[in-house]
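What follows is a short report on a single structure.
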Amino acid sequence: MATIGVQPYWELMFDAEGDMAPGEREALLRGVAEQEITDLVVFVHGWNNTRSMATGLYDRFFAPFPAVLAEAPAPSATGGPVRLGYGGVIWPSMRFTDEPIPDFPAERPPAAAAGPLLDPGTLTGLAAVFPGSEAVLDRLAELLERRPADPARLAEFAALTRGLVARGRGDRATGAADPHLHDLDPGAGEPEEPTMFSGSPERVCARFAEALALAGLARSELSGALERLWGGALEMLRQGTYWEMKRRAGTVGESGLGRLLGELDGSCPGLRIHLAGHSFGGRLVAFALRGLPGRARCVRSVTMLQGAFSHYAFAPRLPFAPGLAGALKELQHRVDGPVVCCHSSHDQALGLLYPLASRVSGDMDSLLGLDPLGLSDPRWGAMGHDGVQAVPGTAALVLDQALTGPFPADGCVNVDASAVVRRGGPPSGAHSDICHRELARLVLLAGRLVR
């Protein structure tokens with residue numbers, strides 16, 4: 001058992017395919033039973049580079065829980081006191097080190113000051129995500145450092161980036177789309193490949209450069225129109241990497257965490273499990289519902305903080321394509337309680353860059369006028385930007401209402417957390433500003449652990 005400020009706490013490590021580290025499943029099942037845990041809160045990180053960084057996040061996020069629980073505790077399912085346990089999922093993801101995290105020390109100067117570079121920490125993270133690609137990564141780093149005024153080199157950078165992502169998906173070309181990456185029901189037809197994997201390299205990089213300018217990273221230290229595109233090229237690599245993280249989060253959730261939850265349900269009757277996830281961790285806990293055995297009724301709440309996946313994932317039909325549905329349609333009913341989506345208008349990663357990276361081929365030619373980047377196009381919105389969409393009966397609350405008024409007992413619930421999720425610089429904005437007492441209380445309210 002790992003040690004953080006709350007106990008009992010278990011770390012649950014999964015590999016990229018959802019397999020657990022030896023002994024951790026048994027330790028959790030044994031510990032929950034022996035300590036007579038009534039409720040288990042499982043938190044899942046989004047992108048990070050190390051296990052220690054993830055553990056540090058869990059230490060800070062869980063820190064307010066004991067005091068909040070003591071203020072107005074609700075009884076357990078048996079009527080007695082709640083015996084709360086904590087779990088922190090560790091899964092292989094990564095973060096570029098130029099992305100600030102509030103209250104965590106910066107790993108290197110912001111990209112706007114240092115220029116678009118691949119520093120050693122980011123290279124190490126990329127090598128872990130794409131094993132065996134060190135030569136390709138070194139070439140990408142070299143191109144970013146030199147930023148040659150030659151369109152052929154920009155095209156080379158784009159081709160290498162696309163090759164990395166194809167390798168991560170197990171594809172040999174970029175043409176095979178995975179509908180789950182768009183969070184659509186695979187039985188309803190496959191979407192096209194995102195433009196960043198198939199469009200003109202110069203045009204794709206230009207679009208990312210424009211989005212970075214809107215986010216406050218204008219790359220003004222670079223001179224010349226072509227050279228400024230290298231800032232967009234780095235963003236293309238970042239978004240390509242996160243596309244792989246998005247795919248991986250779904251796999252680990254469905255094949256790994258979902259299966260573990262079923263085993264907990266079978267071995268610890270009556271245990272109430274409360275899932276929470278940040279960013280791609282929100283996608284991971286949501287996709288765990290796909291892997292949950294049909295008999296299991298142990299999940300009592302799900303809370304997604306700045307979820308980095310489609311706001312239509314739970315939709316029974318899409319407003320712009322009635323023949324399509326979300327990949328998680330109706331799965332909110334697998335939860336004996338609410339599915340809560342916290343969103344913030346201060347999240348630039350999801351409000352600016354996510355929709356641009358998610359758009360499909362052909363749209364760039366049709367989007368003209370006041371919104372050339374297509375950022376207002378609702379098809380490519382993220383959960384953490386504007387909440388669950390197109391699910392009938394979804395409740396909509398601001399954070400104060402959620403914390404003080406009656407909390408919905410079930411169904412999808414959108415909570416605008418902009419009042420507290422507001423700190424952070426470009427390019428991600430407030431995307432990682434999640435360690436707040438108010439959000440800790442929200443998780444406990446959703447789980448009916450406090451009044």
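Simple scheme: letters A, B, ... for chains in structure tokens order, numbers from 1 for residues in each chain, numbers from 1 for ligands in the order shown.
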In range 195-292 of chain A, what's strand (DSSP E) per DSSP? Answer as a PyMOL selection string?
chain A and resi 272-278
Kindly save the residues from that selection, with N, CA, C and O atoms included, as an mmCIF file, in the first residue's frame.
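Saved to again-v4.cif:
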data_model
loop_
_atom_site.group_PDB
_atom_site.id
_atom_site.type_symbol
_atom_site.label_atom_id
_atom_site.label_comp_id
_atom_site.auth_asym_id
_atom_site.auth_seq_id
_atom_site.Cartn_x
_atom_site.Cartn_y
_atom_site.Cartn_z
ATOM 1 N N ARG A 272 -19.644 0.242 -2.009
ATOM 2 C CA ARG A 272 -20.059 1.336 -2.887
ATOM 3 C C ARG A 272 -18.793 1.980 -3.472
ATOM 4 O O ARG A 272 -17.906 2.383 -2.724
ATOM 5 N N ILE A 273 -18.757 2.087 -4.791
ATOM 6 C CA ILE A 273 -17.567 2.616 -5.460
ATOM 7 C C ILE A 273 -17.926 3.940 -6.132
ATOM 8 O O ILE A 273 -18.970 4.069 -6.788
ATOM 9 N N HIS A 274 -17.045 4.916 -5.950
ATOM 10 C CA HIS A 274 -17.248 6.260 -6.489
ATOM 11 C C HIS A 274 -16.053 6.596 -7.379
ATOM 12 O O HIS A 274 -14.916 6.663 -6.897
ATOM 13 N N LEU A 275 -16.313 6.765 -8.664
ATOM 14 C CA LEU A 275 -15.249 7.006 -9.633
ATOM 15 C C LEU A 275 -15.110 8.493 -9.907
ATOM 16 O O LEU A 275 -16.111 9.208 -10.028
ATOM 17 N N ALA A 276 -13.874 8.938 -10.035
ATOM 18 C CA ALA A 276 -13.601 10.325 -10.418
ATOM 19 C C ALA A 276 -12.393 10.314 -11.340
ATOM 20 O O ALA A 276 -11.462 9.518 -11.165
ATOM 21 N N GLY A 277 -12.409 11.187 -12.345
ATOM 22 C CA GLY A 277 -11.289 11.229 -13.279
ATOM 23 C C GLY A 277 -11.098 12.625 -13.823
ATOM 24 O O GLY A 277 -12.066 13.369 -14.033
ATOM 25 N N HIS A 278 -9.836 12.972 -14.065
ATOM 26 C CA HIS A 278 -9.490 14.280 -14.625
ATOM 27 C C HIS A 278 -9.040 14.114 -16.072
ATOM 28 O O HIS A 278 -8.261 13.226 -16.391
#
Do a neighbour search on Phe407 in chain A at 8 Å with only C-alpha atoms, toss out local chain neighbours closer than 5 positions, and write the hits as number ranges by chain.
A: 402, 445-446
Write out the residues from the selection above, keeping N, CA, C and O atoms, as a tab-separated table (two decimals), in the first residue's frame.
chain	number	residue	atom	x	y	z
A	402	ALA	N	-24.83	23.36	-6.82
A	402	ALA	CA	-24.53	21.95	-6.59
A	402	ALA	C	-24.12	21.70	-5.16
A	402	ALA	O	-24.48	20.66	-4.57
A	445	LEU	N	-20.63	14.58	-2.36
A	445	LEU	CA	-22.07	14.79	-2.53
A	445	LEU	C	-22.64	13.85	-3.58
A	445	LEU	O	-23.72	13.27	-3.41
A	446	ALA	N	-21.94	13.72	-4.70
A	446	ALA	CA	-22.41	12.82	-5.76
A	446	ALA	C	-22.54	11.39	-5.25
A	446	ALA	O	-23.45	10.65	-5.64
Residue with smallest distance to Leu264 in chain A - pool A:Thr241, A:Ser52, A:Thr38, A:Ser93, counting only C-alpha atoms
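Checking each of A:Thr241, A:Ser52, A:Thr38, A:Ser93 against Leu264 in chain A, counting only C-alpha atoms, the winner is A:Thr38.
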Might you pull out every residue within 8 Å of range 325-331 of chain A, with only C-alpha atoms counted and same-chain residues fewer than 2 positions away left off, and present them as an MDAnalysis selection string?
chainID A and resid 180 183:186 188 286:287 289:290 312:318 322:323 333:335
Which residue gives the smallest distance to Leu117 in chain A among A:Gly411, A:Gly266, A:Gly232, A:Gly163, with only C-alpha atoms counted?
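Closest to Leu117 in chain A, using only C-alpha atoms: A:Gly232.
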Measure the distance from CA of Asp336 in chain A to CA of Thr394 in chain A in Å and round it to one decimal.
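So the two atoms, CA of Asp336 in chain A and CA of Thr394 in chain A, lie 15.6 Å apart.
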Hey, which of A:His343, A:Arg25, A:Arg51, A:Arg83 ends up closest to Leu257 in chain A? Count only C-alpha atoms.
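Nearest to Leu257 in chain A: A:Arg25.
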Residues within 6 Å of range 202-206 of chain A, only C-alpha atoms, excluding chain neighbours under 6 positions, as number ranges by chain:
A: 196, 229, 232-233
I'd like the interatomic distance between CA of Gly258 in chain A and CA of Leu442 in chain A, to a tenth of an Å.
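Between CA of Gly258 in chain A and CA of Leu442 in chain A the gap is 22.8 Å.
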For each of A:Val42, A:Leu126, A:Leu69, A:Met53, take the minimum atom-to-atom distance to Met94 in chain A, counting only C-alpha atoms, then give the residue where this is smallest.
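Checking each candidate against Met94 in chain A, we get A:Leu126 as the closest.
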I need the residues of range 225-281 of chain A that end up classed as helix (DSSP H, G or I) by DSSP on the backbone, written out as an MDAnalysis selection string.
chainID A and resid 225:267 280:281
Counting only C-alpha atoms, what is within 12 Å of Gly387 in chain A, bar same-chain residues fewer than 2 positions away, as a ChimeraX atom specification?
/A:303-315,339-345,350-351,378,381-385,389-391,394-398,412-418
